[in-house]
Amino acid sequence: MSTTTSQVPVSGEPGARAASSAPPAPPAPARRRRTGLLFVLPFVAVFGLFMVWPVLHGLWMSFTDESLTLKGTEFVGFDNYVEAFGDPDVWSSLGNTVFFTAITVVPLALLSLAMALLVHTGLAGQWVWRLAFFAPYLLPVTVVTMIFQWLYQPDLGMLNQALDAVGLGPVGWLSDEAFAMWSIAALTVWWTIGFNFLLYLAALQSLPDTLYEAAALDGAGAWRRLWSITLPQLRRTTVLVVMLQVLASLKVFDQIYILTKGGPNGSTRPILEYVYDVGFTGYRLGYASAISYLFFAIIIIVSIAQLRLMPRKEG
């Protein structure tokens with residue numbers, strides 16, 4: 001009867017060298033999780049400190065009477081929200097915001113599409129057109145408002161001088177309630193249209209040439225190709241542009257505050273400026289927070305509605 005014994009390779013033998021050169025075992029799942037948490041922890045800390053905590057603290061403030069002039073703070077429940085619903089200044093400023101959104105979104109979408117189509121067709125001096133269309137978007141708001149303050153100046157402004165040259169009287173572009181909001185809307189369109197222009201131009205350059213070649217073989221002219229190929233293919237981009245522009249216009253503040261500070265007679269004051277006035281001029285931080293969260297709820301509702309309108313990608 002024979003027996004077999006296992007032999008363990010000792011140091012210096014070929015088997016020992018093979019065993020020592022084997023790859024190390026992978027780390028345990030728990031160790032991998034800890035390593036991942038260490039990488040994520042800095043972002044989570046910054047996000048919680050500068051995003052989550054301000055949101056939660058602001059929500060708590062909306063249920064209190066916190067003020068910059070009072071030392072103590074008391075819980076008032078939904079009193080601030082009830083007051084906001086009955087505040088006529090809230091509704092008037094919200095109406096101004098909606099009106100501004102309505103008169104800026106349409107031209108910002110249509111004009112940027114027309115500009116992108118002009119550049120895409122191959123106009124001479126491509127870089128000049130691209131620079132001219134996009135350059136205003138790079139300017140800070142203070143520079144833009146200084147330019148338009150000069151244009152809208154009642155006595156020496158370029159626009160009123162042009163009207164005077166053709167025999168028309170001067171216009172109070174920023175002092176007349178009938179023109180103030182339209183003047184700010186024109187500034188906004190000129191200033192921000194470059195971003196939408198880039199979105200449309202990128203979408204046009206990504207369209208397959210085979211569609212146009214097939215349409216040309218079938219005898220389709222330029223207008224037929226535009227209506228039957230280009231515009232349908234740009235539907236998702238158009239929805240994206242409108243969505244982004246609606247959200248940006250609802251949050252308008254800078255140019256209006258610098259140019260008119262909500263005047264004349266509150267005709268241009270948006271909801272965010274009213275929040276600023278209540279919180280930092282009236283010192284009612286709790287009430288300002290309540291208005292902010294009501295407006296935040298409106299933006300969430302608008303965003304969800306726009307996402308549902310976004311056409312789904314086929315295939």
# chains A, B, ... in the order shown; residues from 1 in each chain; ligands from 1
>>> select_by_dssp(residues="stretch 234-276 of chain A", states="helix (DSSP H, G or I)", output="list in words")
Arg235, Arg236, Thr237, Thr238, Val239, Leu240, Val241, Val242, Met243, Leu244, Gln245, Val246, Leu247, Ala248, Ser249, Leu250, Asp254, Gln255, Ile256, Tyr257, Ile258, Leu259, Ile271, Leu272, Glu273, Tyr274, Val275 and Tyr276 of chain A
>>> write_last_selection(atoms="N, CA, C and O atoms", output="compact mmCIF listing (two decimals), in the first residue's frame")
# COMPACT_ATOMS: atom_id res chain seq x y z
N ARG A 235 -36.49 69.82 -33.84
CA ARG A 235 -37.57 69.92 -32.86
C ARG A 235 -37.06 69.77 -31.43
O ARG A 235 -37.41 70.55 -30.55
N ARG A 236 -36.21 68.80 -31.19
CA ARG A 236 -35.68 68.60 -29.84
C ARG A 236 -34.82 69.79 -29.40
O ARG A 236 -34.88 70.22 -28.25
N THR A 237 -34.04 70.33 -30.32
CA THR A 237 -33.23 71.50 -29.98
C THR A 237 -34.13 72.69 -29.66
O THR A 237 -33.84 73.47 -28.74
N THR A 238 -35.20 72.86 -30.41
CA THR A 238 -36.12 73.97 -30.15
C THR A 238 -36.77 73.85 -28.79
O THR A 238 -36.86 74.84 -28.05
N VAL A 239 -37.18 72.66 -28.43
CA VAL A 239 -37.77 72.46 -27.10
C VAL A 239 -36.74 72.75 -26.02
O VAL A 239 -37.05 73.37 -24.99
N LEU A 240 -35.50 72.32 -26.23
CA LEU A 240 -34.44 72.59 -25.26
C LEU A 240 -34.19 74.09 -25.12
O LEU A 240 -34.06 74.61 -24.00
N VAL A 241 -34.12 74.80 -26.25
CA VAL A 241 -33.90 76.24 -26.22
C VAL A 241 -35.03 76.94 -25.48
O VAL A 241 -34.80 77.82 -24.63
N VAL A 242 -36.26 76.58 -25.79
CA VAL A 242 -37.40 77.21 -25.12
C VAL A 242 -37.39 76.91 -23.63
O VAL A 242 -37.65 77.79 -22.79
N MET A 243 -37.07 75.67 -23.27
CA MET A 243 -37.04 75.29 -21.86
C MET A 243 -35.99 76.11 -21.10
O MET A 243 -36.28 76.68 -20.04
N LEU A 244 -34.79 76.16 -21.63
CA LEU A 244 -33.72 76.91 -20.97
C LEU A 244 -34.05 78.39 -20.89
O LEU A 244 -33.79 79.06 -19.89
N GLN A 245 -34.67 78.93 -21.96
CA GLN A 245 -34.95 80.35 -21.99
C GLN A 245 -36.08 80.72 -21.05
O GLN A 245 -36.06 81.79 -20.43
N VAL A 246 -37.07 79.87 -20.93
CA VAL A 246 -38.16 80.14 -19.98
C VAL A 246 -37.63 80.20 -18.56
O VAL A 246 -37.95 81.11 -17.79
N LEU A 247 -36.80 79.23 -18.20
CA LEU A 247 -36.24 79.21 -16.85
C LEU A 247 -35.35 80.42 -16.60
O LEU A 247 -35.37 81.02 -15.52
N ALA A 248 -34.55 80.80 -17.59
CA ALA A 248 -33.67 81.96 -17.43
C ALA A 248 -34.47 83.25 -17.32
O ALA A 248 -34.14 84.14 -16.52
N SER A 249 -35.52 83.38 -18.12
CA SER A 249 -36.33 84.61 -18.08
C SER A 249 -37.12 84.72 -16.79
O SER A 249 -37.34 85.83 -16.28
N LEU A 250 -37.58 83.60 -16.26
CA LEU A 250 -38.31 83.66 -14.99
C LEU A 250 -37.41 84.13 -13.86
O LEU A 250 -37.89 84.72 -12.89
N ASP A 254 -30.80 90.91 -12.73
CA ASP A 254 -29.66 91.81 -12.80
C ASP A 254 -29.93 93.04 -13.66
O ASP A 254 -29.79 94.18 -13.19
N GLN A 255 -30.28 92.83 -14.94
CA GLN A 255 -30.40 93.97 -15.84
C GLN A 255 -31.53 94.90 -15.44
O GLN A 255 -31.43 96.13 -15.59
N ILE A 256 -32.61 94.33 -14.90
CA ILE A 256 -33.73 95.19 -14.48
C ILE A 256 -33.34 96.00 -13.26
O ILE A 256 -33.62 97.21 -13.17
N TYR A 257 -32.66 95.37 -12.31
CA TYR A 257 -32.29 96.09 -11.10
C TYR A 257 -31.30 97.21 -11.40
O TYR A 257 -31.39 98.31 -10.82
N ILE A 258 -30.37 96.98 -12.32
CA ILE A 258 -29.38 98.00 -12.64
C ILE A 258 -30.01 99.15 -13.43
O ILE A 258 -29.72 100.33 -13.18
N LEU A 259 -30.90 98.83 -14.36
CA LEU A 259 -31.45 99.86 -15.24
C LEU A 259 -32.58 100.66 -14.58
O LEU A 259 -32.58 101.89 -14.65
N ILE A 271 -40.28 89.24 -9.74
CA ILE A 271 -40.53 88.62 -8.44
C ILE A 271 -39.25 88.52 -7.62
O ILE A 271 -39.27 88.70 -6.39
N LEU A 272 -38.11 88.26 -8.25
CA LEU A 272 -36.87 88.15 -7.49
C LEU A 272 -36.44 89.50 -6.91
O LEU A 272 -35.86 89.55 -5.83
N GLU A 273 -36.72 90.57 -7.61
CA GLU A 273 -36.40 91.88 -7.05
C GLU A 273 -37.31 92.20 -5.86
O GLU A 273 -36.88 92.83 -4.89
N TYR A 274 -38.56 91.76 -5.94
CA TYR A 274 -39.45 91.97 -4.79
C TYR A 274 -38.96 91.17 -3.58
O TYR A 274 -39.01 91.65 -2.45
N VAL A 275 -38.46 89.96 -3.82
CA VAL A 275 -37.88 89.17 -2.73
C VAL A 275 -36.69 89.92 -2.14
O VAL A 275 -36.52 89.99 -0.91
N TYR A 276 -35.86 90.48 -2.99
CA TYR A 276 -34.70 91.24 -2.52
C TYR A 276 -35.15 92.46 -1.71
O TYR A 276 -34.59 92.75 -0.64
>>> closest_atom_pairs(of="stretch 45-130 of chain A", to="stretch 290-301 of chain A", cutoff="10 Å", atoms="only C-alpha atoms", output="Markdown table")
| residue | atom | partner | partner_atom | distance |
| --- | --- | --- | --- | --- |
| A:Val55 | CA | A:Tyr293 | CA | 9.6 |
| A:Gly58 | CA | A:Ala290 | CA | 8.5 |
| A:Leu59 | CA | A:Tyr293 | CA | 7.3 |
| A:Trp60 | CA | A:Ala290 | CA | 9.4 |
| A:Met61 | CA | A:Ala290 | CA | 7.8 |
| A:Ser62 | CA | A:Ala290 | CA | 4.4 |
| A:Phe63 | CA | A:Ala290 | CA | 7.4 |
| A:Thr64 | CA | A:Ala290 | CA | 9.3 |
| A:Phe78 | CA | A:Ala290 | CA | 8.8 |
| A:Asp79 | CA | A:Ala290 | CA | 9.4 |
| A:Asn80 | CA | A:Ala290 | CA | 6.0 |
| A:Tyr81 | CA | A:Ala290 | CA | 5.8 |
| A:Val82 | CA | A:Ala290 | CA | 9.4 |
| A:Glu83 | CA | A:Ala290 | CA | 9.3 |
| A:Ala84 | CA | A:Ile291 | CA | 6.3 |
| A:Phe85 | CA | A:Ile291 | CA | 8.9 |
| A:Val90 | CA | A:Ile291 | CA | 7.8 |
| A:Leu94 | CA | A:Phe295 | CA | 8.6 |
>>> atom_distance(atom1="atom CA of A:Phe43", atom2="atom CA of A:Ala30")
20.8 Å
>>> closest_residue(among="A:Val189, A:Ala109, A:Leu211, A:Leu201", to="A:Pro136", atoms="only C-alpha atoms")
A:Val189
>>> closest_residue(among="A:Phe75, A:Phe253, A:Trp223, A:Tyr287", to="A:Thr97", atoms="only C-alpha atoms")
A:Phe253
>>> residues_around(residues="stretch 154-166 of chain A", least_positions_apart="6", cutoff="12 Å", atoms="only C-alpha atoms", output="JSON, numbers by chain")
{"A": [146, 147, 148, 172, 173, 174, 175, 176, 183]}
>>> residues_around(residues="A:Leu68", least_positions_apart="2", cutoff="7 Å", atoms="only C-alpha atoms", output="VMD selection string")
chain A and resid 70 283 to 285
>>> atom_distance(atom1="atom CA of A:Leu111", atom2="atom CA of A:Val128")
17.7 Å
>>> atom_distance(atom1="atom CA of A:Val302", atom2="atom CA of A:Ala180")
26.1 Å
>>> closest_residue(among="A:His57, A:Lys71, A:Tyr212, A:Ser93", to="A:Arg225", atoms="only C-alpha atoms")
A:Tyr212
>>> decode(residues="stretch 170-186 of chain A", atoms="all heavy atoms", output="mmCIF file, in the first residue's frame")
data_model
loop_
_atom_site.group_PDB
_atom_site.id
_atom_site.type_symbol
_atom_site.label_atom_id
_atom_site.label_comp_id
_atom_site.auth_asym_id
_atom_site.auth_seq_id
_atom_site.Cartn_x
_atom_site.Cartn_y
_atom_site.Cartn_z
ATOM 1 N N PRO A 170 -39.091 112.482 -28.677
ATOM 2 C CA PRO A 170 -38.322 111.541 -27.854
ATOM 3 C C PRO A 170 -39.235 110.570 -27.121
ATOM 4 O O PRO A 170 -40.405 110.853 -26.864
ATOM 5 C CB PRO A 170 -37.561 112.458 -26.888
ATOM 6 C CG PRO A 170 -38.414 113.679 -26.792
ATOM 7 C CD PRO A 170 -39.031 113.860 -28.148
ATOM 8 N N VAL A 171 -38.663 109.431 -26.768
ATOM 9 C CA VAL A 171 -39.390 108.373 -26.068
ATOM 10 C C VAL A 171 -38.679 108.097 -24.750
ATOM 11 O O VAL A 171 -37.444 108.028 -24.700
ATOM 12 C CB VAL A 171 -39.453 107.081 -26.913
ATOM 13 C CG1 VAL A 171 -40.064 105.935 -26.106
ATOM 14 C CG2 VAL A 171 -40.235 107.326 -28.186
ATOM 15 N N GLY A 172 -39.438 107.957 -23.679
ATOM 16 C CA GLY A 172 -38.858 107.580 -22.397
ATOM 17 C C GLY A 172 -38.701 106.077 -22.329
ATOM 18 O O GLY A 172 -39.550 105.372 -21.766
ATOM 19 N N TRP A 173 -37.607 105.587 -22.895
ATOM 20 C CA TRP A 173 -37.426 104.141 -23.030
ATOM 21 C C TRP A 173 -37.433 103.432 -21.678
ATOM 22 O O TRP A 173 -37.938 102.303 -21.576
ATOM 23 C CB TRP A 173 -36.112 103.848 -23.758
ATOM 24 C CG TRP A 173 -36.049 104.421 -25.135
ATOM 25 C CD1 TRP A 173 -35.359 105.528 -25.529
ATOM 26 C CD2 TRP A 173 -36.730 103.949 -26.306
ATOM 27 N NE1 TRP A 173 -35.548 105.769 -26.870
ATOM 28 C CE2 TRP A 173 -36.387 104.812 -27.373
ATOM 29 C CE3 TRP A 173 -37.595 102.880 -26.551
ATOM 30 C CZ2 TRP A 173 -36.876 104.637 -28.666
ATOM 31 C CZ3 TRP A 173 -38.079 102.695 -27.837
ATOM 32 C CH2 TRP A 173 -37.719 103.555 -28.877
ATOM 33 N N LEU A 174 -36.905 104.062 -20.666
ATOM 34 C CA LEU A 174 -36.852 103.450 -19.335
ATOM 35 C C LEU A 174 -37.723 104.173 -18.315
ATOM 36 O O LEU A 174 -37.911 103.662 -17.206
ATOM 37 C CB LEU A 174 -35.404 103.419 -18.821
ATOM 38 C CG LEU A 174 -34.415 102.597 -19.658
ATOM 39 C CD1 LEU A 174 -33.009 102.723 -19.079
ATOM 40 C CD2 LEU A 174 -34.835 101.136 -19.730
ATOM 41 N N SER A 175 -38.253 105.331 -18.663
ATOM 42 C CA SER A 175 -39.075 106.092 -17.731
ATOM 43 C C SER A 175 -40.560 106.021 -18.030
ATOM 44 O O SER A 175 -41.379 106.452 -17.215
ATOM 45 C CB SER A 175 -38.632 107.569 -17.727
ATOM 46 O OG SER A 175 -38.751 108.133 -19.036
ATOM 47 N N ASP A 176 -40.927 105.508 -19.168
ATOM 48 C CA ASP A 176 -42.333 105.378 -19.555
ATOM 49 C C ASP A 176 -42.771 103.935 -19.315
ATOM 50 O O ASP A 176 -42.132 102.990 -19.786
ATOM 51 C CB ASP A 176 -42.509 105.748 -21.027
ATOM 52 C CG ASP A 176 -43.968 105.890 -21.427
ATOM 53 O OD1 ASP A 176 -44.835 105.280 -20.772
ATOM 54 O OD2 ASP A 176 -44.242 106.599 -22.407
ATOM 55 N N GLU A 177 -43.869 103.773 -18.588
ATOM 56 C CA GLU A 177 -44.353 102.424 -18.271
ATOM 57 C C GLU A 177 -44.687 101.624 -19.523
ATOM 58 O O GLU A 177 -44.613 100.397 -19.514
ATOM 59 C CB GLU A 177 -45.575 102.508 -17.359
ATOM 60 C CG GLU A 177 -45.298 103.108 -15.998
ATOM 61 C CD GLU A 177 -46.524 103.105 -15.113
ATOM 62 O OE1 GLU A 177 -47.440 102.294 -15.359
ATOM 63 O OE2 GLU A 177 -46.586 103.914 -14.172
ATOM 64 N N ALA A 178 -45.062 102.290 -20.589
ATOM 65 C CA ALA A 178 -45.442 101.581 -21.812
ATOM 66 C C ALA A 178 -44.234 101.023 -22.557
ATOM 67 O O ALA A 178 -44.380 100.105 -23.371
ATOM 68 C CB ALA A 178 -46.237 102.512 -22.734
ATOM 69 N N PHE A 179 -43.041 101.570 -22.291
ATOM 70 C CA PHE A 179 -41.861 101.163 -23.049
ATOM 71 C C PHE A 179 -40.795 100.491 -22.193
ATOM 72 O O PHE A 179 -39.898 99.841 -22.746
ATOM 73 C CB PHE A 179 -41.225 102.384 -23.740
ATOM 74 C CG PHE A 179 -42.069 102.990 -24.821
ATOM 75 C CD1 PHE A 179 -42.868 104.079 -24.557
ATOM 76 C CD2 PHE A 179 -42.058 102.471 -26.101
ATOM 77 C CE1 PHE A 179 -43.651 104.649 -25.550
ATOM 78 C CE2 PHE A 179 -42.830 103.031 -27.107
ATOM 79 C CZ PHE A 179 -43.635 104.125 -26.832
ATOM 80 N N ALA A 180 -40.841 100.653 -20.886
ATOM 81 C CA ALA A 180 -39.728 100.215 -20.037
ATOM 82 C C ALA A 180 -39.469 98.713 -20.152
ATOM 83 O O ALA A 180 -38.331 98.284 -20.371
ATOM 84 C CB ALA A 180 -40.001 100.611 -18.590
ATOM 85 N N MET A 181 -40.495 97.901 -20.010
ATOM 86 C CA MET A 181 -40.287 96.456 -20.057
ATOM 87 C C MET A 181 -39.859 95.996 -21.440
ATOM 88 O O MET A 181 -39.007 95.102 -21.572
ATOM 89 C CB MET A 181 -41.552 95.724 -19.618
ATOM 90 C CG MET A 181 -41.375 94.220 -19.485
ATOM 91 S SD MET A 181 -40.201 93.752 -18.192
ATOM 92 C CE MET A 181 -41.261 93.816 -16.749
ATOM 93 N N TRP A 182 -40.405 96.620 -22.472
ATOM 94 C CA TRP A 182 -39.999 96.252 -23.830
ATOM 95 C C TRP A 182 -38.545 96.625 -24.082
ATOM 96 O O TRP A 182 -37.823 95.909 -24.793
ATOM 97 C CB TRP A 182 -40.902 96.941 -24.848
ATOM 98 C CG TRP A 182 -42.293 96.408 -24.853
ATOM 99 C CD1 TRP A 182 -43.367 96.907 -24.169
ATOM 100 C CD2 TRP A 182 -42.770 95.258 -25.563
ATOM 101 N NE1 TRP A 182 -44.487 96.144 -24.412
ATOM 102 C CE2 TRP A 182 -44.160 95.131 -25.267
ATOM 103 C CE3 TRP A 182 -42.180 94.343 -26.427
ATOM 104 C CZ2 TRP A 182 -44.936 94.112 -25.798
ATOM 105 C CZ3 TRP A 182 -42.953 93.320 -26.953
ATOM 106 C CH2 TRP A 182 -44.316 93.212 -26.641
ATOM 107 N N SER A 183 -38.101 97.739 -23.509
ATOM 108 C CA SER A 183 -36.707 98.152 -23.675
ATOM 109 C C SER A 183 -35.763 97.155 -23.009
ATOM 110 O O SER A 183 -34.719 96.802 -23.565
ATOM 111 C CB SER A 183 -36.504 99.548 -23.087
ATOM 112 O OG SER A 183 -37.339 100.500 -23.715
ATOM 113 N N ILE A 184 -36.137 96.701 -21.821
ATOM 114 C CA ILE A 184 -35.308 95.702 -21.131
ATOM 115 C C ILE A 184 -35.332 94.378 -21.876
ATOM 116 O O ILE A 184 -34.318 93.676 -21.940
ATOM 117 C CB ILE A 184 -35.788 95.545 -19.680
ATOM 118 C CG1 ILE A 184 -35.610 96.868 -18.926
ATOM 119 C CG2 ILE A 184 -35.044 94.429 -18.976
ATOM 120 C CD1 ILE A 184 -36.210 96.863 -17.542
ATOM 121 N N ALA A 185 -36.471 94.035 -22.464
ATOM 122 C CA ALA A 185 -36.546 92.795 -23.244
ATOM 123 C C ALA A 185 -35.638 92.861 -24.467
ATOM 124 O O ALA A 185 -34.957 91.876 -24.807
ATOM 125 C CB ALA A 185 -37.991 92.540 -23.671
ATOM 126 N N ALA A 186 -35.580 94.030 -25.132
ATOM 127 C CA ALA A 186 -34.689 94.178 -26.293
ATOM 128 C C ALA A 186 -33.233 94.015 -25.870
ATOM 129 O O ALA A 186 -32.438 93.375 -26.566
ATOM 130 C CB ALA A 186 -34.921 95.540 -26.940
#
